[in-house]
Amino acid sequence: MFFFSKPQKNISLYNTLTRKKEDFKPIKNGEVKFYQCGPTVYWTQHIGNLRAMVLSDFMRRTLSYLGYKVTFVRNYTDVGHLTSDSDIGEDKMEKAVKREGGNPKEIADKYIKIFENDTKNLNILEPDSKPRATEYVKDIIEAVKILMEKGYAYSTDLAIYFDISKANDYTKLSGQNLEENKSGAGNANIEDSQKKNPADFALWFFKAGKHEKALQYWPSPFDSLLVKNGEGFPGWHIECSIMIKKLLGKTIDVHMGGIEHIPVHHTNEIAQSEALNNVPLANYWLHNEWLIVNGGKMAKSEGSSYSLSEIKEKGFNPLVLRYFFMQAHYRSKQNFTWEALQGANSGYEHLKNQVKELGGKIGKVDKNFKDKFEKIIGDDFNIPQALALFQEILKSDIPKENKLATIYDFNKIFGLDLKKELHSPVAVSDEIIKLAEERKLAR
Ligand code: AMP
Ligand code: ZN
């Protein structure tokens with residue numbers, strides 16, 4: 001038997017690393033290795049977090065649509081992420097235990113379940129792998145050992161740090177001036193006076209000092225006068241470097257995350273991975289902008305965040321939120337208001353009705369519209385503009401059945417629920433079934 005690989009269409013991506021749009025060239029012809037930094041599973045993710053997940057879903061579906069075989073990995077952070085993104089503050093998982101009781105594993109299980117229910121509701125495709133940081137501690141320790149041996153890391157009594165002065169162009173991703181902007185460090189030197197440079201970041205925290213009562217810890221080969229058996233836990237950044245290497249390889253095609261990760265988390269991932277592997281960590285760095293409320297980032301700590309359940313409680317179909325996210329480009333901020341969501345609801349309902357009116361017969365995908373579509377999505381994933389093409393198709397004079405075929409074809413990326421009502425038997429919700437049963441019982 002012969003296999004012919006599908007030719008891939010062109011796509012250009014805005015690469016944070018080079019600060020320009022570049023034609024995408026995969027490492028291996030026709031394949032994309034894609035990693036997205038996933039959630040810290042200590043709380044219900046708000047719809048700002050979920051925006052990031054819907055956006056990566058559009059990217060992944062776009063790459064598949066254009067003919068690439070995508071391997072997509074999104075991790076779960078279940079240890080080592082402190083309340084700041086640097087080395088300051090307490091462990092987020094422990095904070096959750098204080099709040100709710102139980103243990104970190106139970107907390108992680110609970111919030112992973114909620115998150116996966118939300119992503120399913122939003123029609124986000126399942127990743128090929130969903131590694132948890134705690135499953136990779138052995139590999140992390142191995143890597144930290146190598147970084148020590150290579151001279152990139154040093155230990156104090158409280159932690160093992162990556163020495164950023166040894167990194168090859170530490171600030172290349174952010175272009176930040178570390179003297180002016182110490183966001184990677186905060187007042188870290190005050191917390192550990194043995195630290196060499198404020199921006200050095202922890203690869204391993206010993207179960208000592210403010211982490212003396214750490215709930216999650218493992219023995220390690222590292223020495224500290226304050227603990228036995230080198231007990232401690234990994235810093236946040238190293239987990240992504242290790243899971244990427246284990247699951248996707250030393251250099252990947254696309255690395256994605258929120259824009260706030262540029263100066264600290266991703267900068268540190270690059271420093272340690274490149275020190276370990278002597279090759280670039282990722283060829284294309286993509287960063288999504290935030291969902292904002294009242295001018296600021298939607299954030300739990302600001303009390304300005306909503307969960308998907310709250311959206312559902314107000315009567316919105318989760319796919320209305322997906323439709324809402326289609327209205328802004330991933331590199332633009334998007335402002336959330338209930339009015340805007342209501343607007344998306346009307347837009348989505350209207351679109352569904354327009355599609356319904358096309359009847360049930362599916363013709364051929366229209367070549368002109370498809371070419372246009374591929375150009376638009378191939379321009380750094382311009383989903384808002386691609387969505388607008390729907391109205392152009394609907395207004396055009398191509399045959400109804402071809403309109404339908406074309407819309408269904410584009411919907412492989414959009415992931416809206418446009419087909420169901422036409423082709424599946426009338427969907428009856430659990431609630432209606434329950435109501436009917438209750439009525440039966442009452443009789
Ligand atoms: P966290 O659990 O805070 O590490 O966030 C998980 C992911 O959600 C990260 O990739 C963040 O960049 C993203 N995220 C957090 N807040 C927002 C927001 N308001 N808008 C868009 N993405 C966000
Ligand atoms: Zn990461």
# chains A, B, ... in the order shown; residues from 1 in each chain; ligands from 1

$ residues_near_ligand --ligand "ligand 1" --cutoff "6 Å" --atoms "only C-alpha atoms and all ligand atoms" --output "JSON, numbers by chain"
{"A": [37, 38, 39, 40, 48, 49, 51, 52, 257, 258, 289, 290, 291, 292, 297, 298, 299]}

$ select_by_dssp --residues "range 167-276 of chain A" --states "strand (DSSP E or B)" --output "PyMOL selection string"
chain A and resi 201-206+218+232-234+252-258

$ closest_atom_pairs --of "chain A" --to "ligand 2" --cutoff "10 Å" --atoms "only C-alpha atoms and all ligand atoms" --output "JSON lines"
{"residue": "A:Tyr35", "atom": "CA", "partner": "ligand 2", "partner_atom_place_in_ligand_line": "1 (Zn)", "distance": 8.4}
{"residue": "A:Gln36", "atom": "CA", "partner": "ligand 2", "partner_atom_place_in_ligand_line": "1 (Zn)", "distance": 7.0}
{"residue": "A:Cys37", "atom": "CA", "partner": "ligand 2", "partner_atom_place_in_ligand_line": "1 (Zn)", "distance": 4.2}
{"residue": "A:Gly38", "atom": "CA", "partner": "ligand 2", "partner_atom_place_in_ligand_line": "1 (Zn)", "distance": 7.1}
{"residue": "A:Pro39", "atom": "CA", "partner": "ligand 2", "partner_atom_place_in_ligand_line": "1 (Zn)", "distance": 9.4}
{"residue": "A:Arg74", "atom": "CA", "partner": "ligand 2", "partner_atom_place_in_ligand_line": "1 (Zn)", "distance": 9.0}
{"residue": "A:Asn75", "atom": "CA", "partner": "ligand 2", "partner_atom_place_in_ligand_line": "1 (Zn)", "distance": 8.0}
{"residue": "A:Tyr76", "atom": "CA", "partner": "ligand 2", "partner_atom_place_in_ligand_line": "1 (Zn)", "distance": 9.6}
{"residue": "A:Thr77", "atom": "CA", "partner": "ligand 2", "partner_atom_place_in_ligand_line": "1 (Zn)", "distance": 8.8}
{"residue": "A:Trp236", "atom": "CA", "partner": "ligand 2", "partner_atom_place_in_ligand_line": "1 (Zn)", "distance": 8.1}
{"residue": "A:His237", "atom": "CA", "partner": "ligand 2", "partner_atom_place_in_ligand_line": "1 (Zn)", "distance": 6.2}
{"residue": "A:Ile238", "atom": "CA", "partner": "ligand 2", "partner_atom_place_in_ligand_line": "1 (Zn)", "distance": 8.1}
{"residue": "A:Glu239", "atom": "CA", "partner": "ligand 2", "partner_atom_place_in_ligand_line": "1 (Zn)", "distance": 7.3}
{"residue": "A:Cys240", "atom": "CA", "partner": "ligand 2", "partner_atom_place_in_ligand_line": "1 (Zn)", "distance": 4.6}
{"residue": "A:Ser241", "atom": "CA", "partner": "ligand 2", "partner_atom_place_in_ligand_line": "1 (Zn)", "distance": 7.3}
{"residue": "A:Ile242", "atom": "CA", "partner": "ligand 2", "partner_atom_place_in_ligand_line": "1 (Zn)", "distance": 9.9}
{"residue": "A:Met243", "atom": "CA", "partner": "ligand 2", "partner_atom_place_in_ligand_line": "1 (Zn)", "distance": 9.3}
{"residue": "A:Ile244", "atom": "CA", "partner": "ligand 2", "partner_atom_place_in_ligand_line": "1 (Zn)", "distance": 9.1}
{"residue": "A:His255", "atom": "CA", "partner": "ligand 2", "partner_atom_place_in_ligand_line": "1 (Zn)", "distance": 8.7}
{"residue": "A:Met256", "atom": "CA", "partner": "ligand 2", "partner_atom_place_in_ligand_line": "1 (Zn)", "distance": 8.4}
{"residue": "A:Gly257", "atom": "CA", "partner": "ligand 2", "partner_atom_place_in_ligand_line": "1 (Zn)", "distance": 7.3}
{"residue": "A:Gly258", "atom": "CA", "partner": "ligand 2", "partner_atom_place_in_ligand_line": "1 (Zn)", "distance": 9.7}
{"residue": "A:His261", "atom": "CA", "partner": "ligand 2", "partner_atom_place_in_ligand_line": "1 (Zn)", "distance": 7.9}
{"residue": "A:His265", "atom": "CA", "partner": "ligand 2", "partner_atom_place_in_ligand_line": "1 (Zn)", "distance": 6.3}
{"residue": "A:His266", "atom": "CA", "partner": "ligand 2", "partner_atom_place_in_ligand_line": "1 (Zn)", "distance": 6.4}
{"residue": "A:Thr267", "atom": "CA", "partner": "ligand 2", "partner_atom_place_in_ligand_line": "1 (Zn)", "distance": 9.8}
{"residue": "A:Asn268", "atom": "CA", "partner": "ligand 2", "partner_atom_place_in_ligand_line": "1 (Zn)", "distance": 9.2}
{"residue": "A:Glu269", "atom": "CA", "partner": "ligand 2", "partner_atom_place_in_ligand_line": "1 (Zn)", "distance": 6.9}
{"residue": "A:Ile270", "atom": "CA", "partner": "ligand 2", "partner_atom_place_in_ligand_line": "1 (Zn)", "distance": 10.0}

$ residues_around --residues "range 142-159 of chain A" --least-positions-apart "4" --cutoff "7 Å" --atoms "only C-alpha atoms" --output "ChimeraX atom specification"
/A:138,163,166,194,202-206,208-209,224-226,276

$ residues_around --residues "Met59 in chain A" --least-positions-apart "5" --cutoff "12 Å" --atoms "only C-alpha atoms" --output "ChimeraX atom specification"
/A:11-13,32,34-36,52-54,64-66,68,70,72,124-125,254-256,286-288,326,329-330,377-383,412-415

$ atom_distance --atom1 "CA of Phe373 in chain A" --atom2 "CA of Tyr348 in chain A"
19.5 Å

$ residues_around --residues "Ile376 in chain A" --least-positions-apart "4" --cutoff "7 Å" --atoms "only C-alpha atoms" --output "PyMOL selection string"
chain A and resi 372+382+385-386

$ write_last_selection --atoms "C-alpha atoms" --output "PDB file, in the first residue's frame"
ATOM      1  CA  LYS A 372      -9.928  32.859   0.918  1.00  0.00           C
ATOM      2  CA  ASN A 382      -7.160  35.331  11.988  1.00  0.00           C
ATOM      3  CA  GLN A 385     -11.954  37.591  10.011  1.00  0.00           C
ATOM      4  CA  ALA A 386     -12.570  33.966   9.131  1.00  0.00           C
TER       5      ALA A 386
END

$ select_by_dssp --residues "range 95-230 of chain A" --states "helix (DSSP H, G or I)" --output "mmCIF file with N, CA and C atoms, in the first residue's frame"
data_model
loop_
_atom_site.group_PDB
_atom_site.id
_atom_site.type_symbol
_atom_site.label_atom_id
_atom_site.label_comp_id
_atom_site.auth_asym_id
_atom_site.auth_seq_id
_atom_site.Cartn_x
_atom_site.Cartn_y
_atom_site.Cartn_z
ATOM 1 N N LYS A 95 -2.023 26.382 49.424
ATOM 2 C CA LYS A 95 -3.014 27.404 49.721
ATOM 3 C C LYS A 95 -4.414 26.790 49.604
ATOM 4 N N ALA A 96 -4.575 25.954 48.571
ATOM 5 C CA ALA A 96 -5.870 25.308 48.359
ATOM 6 C C ALA A 96 -6.190 24.329 49.473
ATOM 7 N N VAL A 97 -5.175 23.624 49.951
ATOM 8 C CA VAL A 97 -5.394 22.678 51.058
ATOM 9 C C VAL A 97 -5.840 23.443 52.308
ATOM 10 N N LYS A 98 -5.197 24.581 52.560
ATOM 11 C CA LYS A 98 -5.592 25.401 53.716
ATOM 12 C C LYS A 98 -7.043 25.840 53.592
ATOM 13 N N ARG A 99 -7.437 26.149 52.374
ATOM 14 C CA ARG A 99 -8.773 26.669 52.107
ATOM 15 C C ARG A 99 -9.830 25.577 52.234
ATOM 16 N N GLU A 100 -9.500 24.385 51.726
ATOM 17 C CA GLU A 100 -10.529 23.355 51.560
ATOM 18 C C GLU A 100 -10.294 22.084 52.345
ATOM 19 N N PRO A 104 -3.005 17.695 48.582
ATOM 20 C CA PRO A 104 -2.770 18.267 47.242
ATOM 21 C C PRO A 104 -3.263 17.374 46.105
ATOM 22 N N LYS A 105 -3.132 16.070 46.263
ATOM 23 C CA LYS A 105 -3.555 15.153 45.207
ATOM 24 C C LYS A 105 -5.082 15.251 45.017
ATOM 25 N N GLU A 106 -5.800 15.307 46.140
ATOM 26 C CA GLU A 106 -7.265 15.422 46.034
ATOM 27 C C GLU A 106 -7.673 16.751 45.400
ATOM 28 N N ILE A 107 -6.947 17.798 45.784
ATOM 29 C CA ILE A 107 -7.229 19.120 45.198
ATOM 30 C C ILE A 107 -6.996 19.069 43.679
ATOM 31 N N ALA A 108 -5.859 18.502 43.286
ATOM 32 C CA ALA A 108 -5.544 18.439 41.849
ATOM 33 C C ALA A 108 -6.597 17.617 41.110
ATOM 34 N N ASP A 109 -6.955 16.466 41.650
ATOM 35 C CA ASP A 109 -7.959 15.618 40.992
ATOM 36 C C ASP A 109 -9.267 16.379 40.805
ATOM 37 N N LYS A 110 -9.663 17.053 41.858
ATOM 38 C CA LYS A 110 -10.937 17.784 41.810
ATOM 39 C C LYS A 110 -10.934 18.854 40.713
ATOM 40 N N TYR A 111 -9.859 19.654 40.674
ATOM 41 C CA TYR A 111 -9.871 20.766 39.722
ATOM 42 C C TYR A 111 -9.534 20.341 38.295
ATOM 43 N N ILE A 112 -8.844 19.225 38.169
ATOM 44 C CA ILE A 112 -8.625 18.707 36.816
ATOM 45 C C ILE A 112 -9.963 18.245 36.247
ATOM 46 N N LYS A 113 -10.762 17.619 37.104
ATOM 47 C CA LYS A 113 -12.060 17.132 36.648
ATOM 48 C C LYS A 113 -12.950 18.297 36.184
ATOM 49 N N ILE A 114 -12.968 19.345 36.981
ATOM 50 C CA ILE A 114 -13.785 20.516 36.609
ATOM 51 C C ILE A 114 -13.259 21.121 35.301
ATOM 52 N N PHE A 115 -11.943 21.252 35.219
ATOM 53 C CA PHE A 115 -11.323 21.838 34.022
ATOM 54 C C PHE A 115 -11.660 21.009 32.776
ATOM 55 N N GLU A 116 -11.568 19.699 32.907
ATOM 56 C CA GLU A 116 -11.804 18.856 31.728
ATOM 57 C C GLU A 116 -13.275 18.854 31.332
ATOM 58 N N ASN A 117 -14.124 19.009 32.322
ATOM 59 C CA ASN A 117 -15.541 19.142 32.013
ATOM 60 C C ASN A 117 -15.785 20.450 31.242
ATOM 61 N N ASP A 118 -15.104 21.508 31.675
ATOM 62 C CA ASP A 118 -15.238 22.813 31.012
ATOM 63 C C ASP A 118 -14.692 22.762 29.580
ATOM 64 N N THR A 119 -13.518 22.157 29.411
ATOM 65 C CA THR A 119 -12.939 22.139 28.065
ATOM 66 C C THR A 119 -13.814 21.303 27.133
ATOM 67 N N LYS A 120 -14.414 20.245 27.677
ATOM 68 C CA LYS A 120 -15.307 19.428 26.859
ATOM 69 C C LYS A 120 -16.539 20.246 26.449
ATOM 70 N N ASN A 121 -17.089 20.956 27.419
ATOM 71 C CA ASN A 121 -18.240 21.822 27.146
ATOM 72 C C ASN A 121 -17.932 22.868 26.078
ATOM 73 N N ALA A 133 2.882 17.513 36.616
ATOM 74 C CA ALA A 133 4.257 17.760 37.070
ATOM 75 C C ALA A 133 4.717 16.711 38.083
ATOM 76 N N THR A 134 3.840 16.325 38.995
ATOM 77 C CA THR A 134 4.266 15.396 40.059
ATOM 78 C C THR A 134 4.652 14.020 39.508
ATOM 79 N N GLU A 135 4.244 13.732 38.284
ATOM 80 C CA GLU A 135 4.620 12.437 37.697
ATOM 81 C C GLU A 135 6.028 12.477 37.099
ATOM 82 N N TYR A 136 6.629 13.652 37.075
ATOM 83 C CA TYR A 136 7.933 13.810 36.405
ATOM 84 C C TYR A 136 9.052 14.227 37.351
ATOM 85 N N VAL A 137 8.833 14.039 38.643
ATOM 86 C CA VAL A 137 9.818 14.533 39.609
ATOM 87 C C VAL A 137 11.170 13.839 39.436
ATOM 88 N N LYS A 138 11.143 12.550 39.150
ATOM 89 C CA LYS A 138 12.404 11.817 38.960
ATOM 90 C C LYS A 138 13.209 12.424 37.798
ATOM 91 N N ASP A 139 12.527 12.689 36.708
ATOM 92 C CA ASP A 139 13.201 13.273 35.540
ATOM 93 C C ASP A 139 13.683 14.691 35.830
ATOM 94 N N ILE A 140 12.888 15.408 36.609
ATOM 95 C CA ILE A 140 13.278 16.780 36.973
ATOM 96 C C ILE A 140 14.565 16.745 37.798
ATOM 97 N N ILE A 141 14.605 15.853 38.778
ATOM 98 C CA ILE A 141 15.803 15.732 39.625
ATOM 99 C C ILE A 141 17.025 15.397 38.765
ATOM 100 N N GLU A 142 16.832 14.496 37.845
ATOM 101 C CA GLU A 142 17.912 14.103 36.939
ATOM 102 C C GLU A 142 18.433 15.331 36.168
ATOM 103 N N ALA A 143 17.518 16.135 35.688
ATOM 104 C CA ALA A 143 17.895 17.323 34.910
ATOM 105 C C ALA A 143 18.610 18.357 35.779
ATOM 106 N N VAL A 144 18.125 18.543 36.987
ATOM 107 C CA VAL A 144 18.760 19.528 37.885
ATOM 108 C C VAL A 144 20.186 19.081 38.205
ATOM 109 N N LYS A 145 20.343 17.784 38.366
ATOM 110 C CA LYS A 145 21.676 17.226 38.613
ATOM 111 C C LYS A 145 22.624 17.588 37.463
ATOM 112 N N ILE A 146 22.125 17.408 36.260
ATOM 113 C CA ILE A 146 22.955 17.720 35.084
ATOM 114 C C ILE A 146 23.283 19.212 35.035
ATOM 115 N N LEU A 147 22.284 20.043 35.343
ATOM 116 C CA LEU A 147 22.526 21.492 35.339
ATOM 117 C C LEU A 147 23.587 21.871 36.378
ATOM 118 N N MET A 148 23.578 21.194 37.511
ATOM 119 C CA MET A 148 24.611 21.423 38.537
ATOM 120 C C MET A 148 25.971 21.015 37.972
ATOM 121 N N GLU A 149 26.012 19.828 37.386
ATOM 122 C CA GLU A 149 27.290 19.307 36.863
ATOM 123 C C GLU A 149 27.853 20.200 35.762
ATOM 124 N N ILE A 164 21.470 32.719 36.185
ATOM 125 C CA ILE A 164 21.119 33.303 34.886
ATOM 126 C C ILE A 164 22.314 33.964 34.190
ATOM 127 N N SER A 165 23.355 34.258 34.938
ATOM 128 C CA SER A 165 24.532 34.870 34.288
ATOM 129 C C SER A 165 25.226 33.860 33.367
ATOM 130 N N LYS A 166 24.921 32.578 33.540
ATOM 131 C CA LYS A 166 25.537 31.541 32.708
ATOM 132 C C LYS A 166 24.725 31.264 31.436
ATOM 133 N N ALA A 188 13.624 38.584 45.975
ATOM 134 C CA ALA A 188 14.057 37.220 46.263
ATOM 135 C C ALA A 188 15.317 37.169 47.117
ATOM 136 N N ASN A 189 16.198 38.160 46.929
ATOM 137 C CA ASN A 189 17.432 38.119 47.709
ATOM 138 C C ASN A 189 17.172 38.271 49.196
ATOM 139 N N ILE A 190 16.070 38.948 49.508
ATOM 140 C CA ILE A 190 15.742 39.107 50.920
ATOM 141 C C ILE A 190 15.330 37.743 51.494
ATOM 142 N N GLU A 191 14.658 36.951 50.651
ATOM 143 C CA GLU A 191 14.201 35.645 51.128
ATOM 144 C C GLU A 191 15.355 34.649 51.247
ATOM 145 N N GLY A 209 13.149 26.584 55.552
ATOM 146 C CA GLY A 209 12.744 27.986 55.534
ATOM 147 C C GLY A 209 11.229 28.096 55.438
ATOM 148 N N LYS A 210 10.758 28.961 54.521
ATOM 149 C CA LYS A 210 9.295 29.138 54.428
ATOM 150 C C LYS A 210 8.597 27.875 53.888
ATOM 151 N N HIS A 211 9.374 26.961 53.320
ATOM 152 C CA HIS A 211 8.778 25.712 52.821
ATOM 153 C C HIS A 211 9.016 24.528 53.768
#

$ residues_around --residues "Tyr14 in chain A" --least-positions-apart "3" --cutoff "9 Å" --atoms "only C-alpha atoms" --output "list in words"
Leu17, Thr18, Arg19, Lys20, Lys21, Glu22, Asp23, Tyr284, Trp285, Leu286, His287 and Asp380 of chain A

$ write_last_selection --atoms "all heavy atoms" --output "tab-separated table (two decimals), in the first residue's frame"
chain	number	residue	atom	x	y	z
A	17	LEU	N	9.74	35.54	19.80
A	17	LEU	CA	11.20	35.48	19.87
A	17	LEU	C	11.87	36.43	18.87
A	17	LEU	O	12.88	37.05	19.17
A	17	LEU	CB	11.65	34.04	19.59
A	17	LEU	CG	13.08	33.67	19.93
A	17	LEU	CD1	13.37	33.86	21.42
A	17	LEU	CD2	13.33	32.21	19.54
A	18	THR	N	11.30	36.54	17.67
A	18	THR	CA	11.91	37.39	16.65
A	18	THR	C	11.13	38.69	16.47
A	18	THR	O	11.51	39.56	15.71
A	18	THR	CB	11.95	36.66	15.30
A	18	THR	OG1	10.62	36.25	14.98
A	18	THR	CG2	12.84	35.44	15.36
A	19	ARG	N	10.00	38.79	17.16
A	19	ARG	CA	9.12	39.96	17.11
A	19	ARG	C	8.65	40.26	15.70
A	19	ARG	O	8.50	41.41	15.31
A	19	ARG	CB	9.82	41.19	17.72
A	19	ARG	CG	10.05	41.01	19.22
A	19	ARG	CD	11.06	41.98	19.77
A	19	ARG	NE	11.39	41.60	21.15
A	19	ARG	CZ	12.27	40.65	21.47
A	19	ARG	NH1	12.92	39.99	20.53
A	19	ARG	NH2	12.49	40.35	22.73
A	20	LYS	N	8.45	39.21	14.93
A	20	LYS	CA	7.84	39.44	13.62
A	20	LYS	C	7.07	38.21	13.15
A	20	LYS	O	7.21	37.12	13.71
A	20	LYS	CB	8.89	39.87	12.60
A	20	LYS	CG	10.04	38.90	12.38
A	20	LYS	CD	10.93	39.42	11.25
A	20	LYS	CE	11.93	38.37	10.81
A	20	LYS	NZ	13.17	38.35	11.58
A	21	LYS	N	6.27	38.43	12.11
A	21	LYS	CA	5.54	37.32	11.51
A	21	LYS	C	6.50	36.54	10.61
A	21	LYS	O	7.22	37.12	9.83
A	21	LYS	CB	4.40	37.86	10.65
A	21	LYS	CG	3.05	37.71	11.31
A	21	LYS	CD	1.94	37.98	10.30
A	21	LYS	CE	0.85	38.80	10.96
A	21	LYS	NZ	-0.17	39.24	10.00
A	22	GLU	N	6.46	35.24	10.75
A	22	GLU	CA	7.35	34.39	9.95
A	22	GLU	C	6.56	33.29	9.28
A	22	GLU	O	5.58	32.81	9.83
A	22	GLU	CB	8.39	33.71	10.85
A	22	GLU	CG	9.35	34.65	11.53
A	22	GLU	CD	10.20	33.91	12.55
A	22	GLU	OE1	10.55	32.74	12.32
A	22	GLU	OE2	10.48	34.51	13.58
A	23	ASP	N	7.05	32.86	8.10
A	23	ASP	CA	6.44	31.68	7.48
A	23	ASP	C	6.80	30.47	8.32
A	23	ASP	O	7.97	30.27	8.65
A	23	ASP	CB	6.99	31.50	6.06
A	23	ASP	CG	6.44	32.57	5.13
A	23	ASP	OD1	5.33	33.07	5.41
A	23	ASP	OD2	7.13	32.94	4.17
A	284	TYR	N	8.93	28.54	17.43
A	284	TYR	CA	7.90	29.61	17.38
A	284	TYR	C	7.28	29.77	18.76
A	284	TYR	O	6.76	28.80	19.32
A	284	TYR	CB	6.81	29.28	16.34
A	284	TYR	CG	7.39	29.12	14.96
A	284	TYR	CD1	7.88	27.89	14.53
A	284	TYR	CD2	7.50	30.22	14.10
A	284	TYR	CE1	8.46	27.74	13.27
A	284	TYR	CE2	8.07	30.09	12.84
A	284	TYR	CZ	8.55	28.84	12.44
A	284	TYR	OH	9.13	28.71	11.20
A	285	TRP	N	7.35	30.98	19.27
A	285	TRP	CA	6.77	31.29	20.58
A	285	TRP	C	5.52	32.13	20.38
A	285	TRP	O	5.61	33.27	19.88
A	285	TRP	CB	7.78	32.03	21.44
A	285	TRP	CG	8.84	31.10	21.97
A	285	TRP	CD1	10.00	30.75	21.34
A	285	TRP	CD2	8.83	30.39	23.21
A	285	TRP	NE1	10.70	29.86	22.12
A	285	TRP	CE2	10.01	29.62	23.27
A	285	TRP	CE3	7.93	30.32	24.29
A	285	TRP	CZ2	10.32	28.81	24.35
A	285	TRP	CZ3	8.24	29.52	25.36
A	285	TRP	CH2	9.42	28.76	25.39
A	286	LEU	N	4.37	31.58	20.75
A	286	LEU	CA	3.11	32.30	20.56
A	286	LEU	C	2.53	32.67	21.92
A	286	LEU	O	2.52	31.85	22.84
A	286	LEU	CB	2.10	31.42	19.81
A	286	LEU	CG	2.58	30.74	18.52
A	286	LEU	CD1	1.42	29.99	17.86
A	286	LEU	CD2	3.15	31.76	17.55
A	287	HIS	N	2.07	33.90	22.01
A	287	HIS	CA	1.53	34.36	23.30
A	287	HIS	C	0.15	34.99	23.14
A	287	HIS	O	-0.03	35.89	22.32
A	287	HIS	CB	2.50	35.35	23.95
A	287	HIS	CG	3.75	34.68	24.41
A	287	HIS	ND1	4.91	34.68	23.67
A	287	HIS	CD2	4.00	33.92	25.51
A	287	HIS	CE1	5.83	33.95	24.31
A	287	HIS	NE2	5.30	33.48	25.42
A	380	ASP	N	-1.54	34.09	10.65
A	380	ASP	CA	-1.46	34.14	12.11
A	380	ASP	C	-2.83	33.89	12.78
A	380	ASP	O	-3.21	34.60	13.70
A	380	ASP	CB	-0.88	35.50	12.55
A	380	ASP	CG	-0.31	35.46	13.96
A	380	ASP	OD1	0.03	34.37	14.45
A	380	ASP	OD2	-0.24	36.54	14.59

$ closest_residue --among "A:Asp85, A:Glu260, A:Glu339, A:Asp409" --to "Lys370 in chain A" --atoms "only C-alpha atoms"
A:Asp409

$ decode --residues "range 262-273 of chain A" --atoms "N, CA, C and O atoms" --output "PDB file, in the first residue's frame"
ATOM      1  N   ILE A 262       6.038  35.677  29.263  1.00  0.00           N
ATOM      2  CA  ILE A 262       7.239  36.046  28.490  1.00  0.00           C
ATOM      3  C   ILE A 262       8.438  36.380  29.394  1.00  0.00           C
ATOM      4  O   ILE A 262       9.495  35.789  29.240  1.00  0.00           O
ATOM      5  N   PRO A 263       8.275  37.293  30.371  1.00  0.00           N
ATOM      6  CA  PRO A 263       9.478  37.710  31.102  1.00  0.00           C
ATOM      7  C   PRO A 263       9.983  36.725  32.158  1.00  0.00           C
ATOM      8  O   PRO A 263      11.133  36.832  32.572  1.00  0.00           O
ATOM      9  N   VAL A 264       9.138  35.835  32.633  1.00  0.00           N
ATOM     10  CA  VAL A 264       9.601  34.958  33.719  1.00  0.00           C
ATOM     11  C   VAL A 264       9.543  33.480  33.313  1.00  0.00           C
ATOM     12  O   VAL A 264      10.572  32.855  33.052  1.00  0.00           O
ATOM     13  N   HIS A 265       8.345  32.957  33.217  1.00  0.00           N
ATOM     14  CA  HIS A 265       8.210  31.508  33.052  1.00  0.00           C
ATOM     15  C   HIS A 265       8.847  31.002  31.755  1.00  0.00           C
ATOM     16  O   HIS A 265       9.647  30.068  31.767  1.00  0.00           O
ATOM     17  N   HIS A 266       8.527  31.633  30.654  1.00  0.00           N
ATOM     18  CA  HIS A 266       9.082  31.145  29.387  1.00  0.00           C
ATOM     19  C   HIS A 266      10.563  31.480  29.237  1.00  0.00           C
ATOM     20  O   HIS A 266      11.342  30.713  28.666  1.00  0.00           O
ATOM     21  N   THR A 267      10.945  32.636  29.747  1.00  0.00           N
ATOM     22  CA  THR A 267      12.360  33.005  29.750  1.00  0.00           C
ATOM     23  C   THR A 267      13.164  31.954  30.516  1.00  0.00           C
ATOM     24  O   THR A 267      14.231  31.511  30.078  1.00  0.00           O
ATOM     25  N   ASN A 268      12.616  31.517  31.639  1.00  0.00           N
ATOM     26  CA  ASN A 268      13.317  30.521  32.449  1.00  0.00           C
ATOM     27  C   ASN A 268      13.280  29.136  31.806  1.00  0.00           C
ATOM     28  O   ASN A 268      14.256  28.389  31.863  1.00  0.00           O
ATOM     29  N   GLU A 269      12.173  28.806  31.172  1.00  0.00           N
ATOM     30  CA  GLU A 269      12.112  27.527  30.445  1.00  0.00           C
ATOM     31  C   GLU A 269      13.213  27.465  29.386  1.00  0.00           C
ATOM     32  O   GLU A 269      13.906  26.462  29.246  1.00  0.00           O
ATOM     33  N   ILE A 270      13.352  28.564  28.646  1.00  0.00           N
ATOM     34  CA  ILE A 270      14.364  28.600  27.586  1.00  0.00           C
ATOM     35  C   ILE A 270      15.762  28.446  28.193  1.00  0.00           C
ATOM     36  O   ILE A 270      16.571  27.633  27.734  1.00  0.00           O
ATOM     37  N   ALA A 271      16.040  29.217  29.250  1.00  0.00           N
ATOM     38  CA  ALA A 271      17.382  29.194  29.850  1.00  0.00           C
ATOM     39  C   ALA A 271      17.758  27.776  30.281  1.00  0.00           C
ATOM     40  O   ALA A 271      18.822  27.264  29.926  1.00  0.00           O
ATOM     41  N   GLN A 272      16.860  27.112  30.996  1.00  0.00           N
ATOM     42  CA  GLN A 272      17.251  25.790  31.522  1.00  0.00           C
ATOM     43  C   GLN A 272      17.254  24.723  30.427  1.00  0.00           C
ATOM     44  O   GLN A 272      18.140  23.874  30.382  1.00  0.00           O
ATOM     45  N   SER A 273      16.286  24.769  29.507  1.00  0.00           N
ATOM     46  CA  SER A 273      16.249  23.755  28.450  1.00  0.00           C
ATOM     47  C   SER A 273      17.459  23.870  27.549  1.00  0.00           C
ATOM     48  O   SER A 273      18.062  22.862  27.167  1.00  0.00           O
TER      49      SER A 273
END
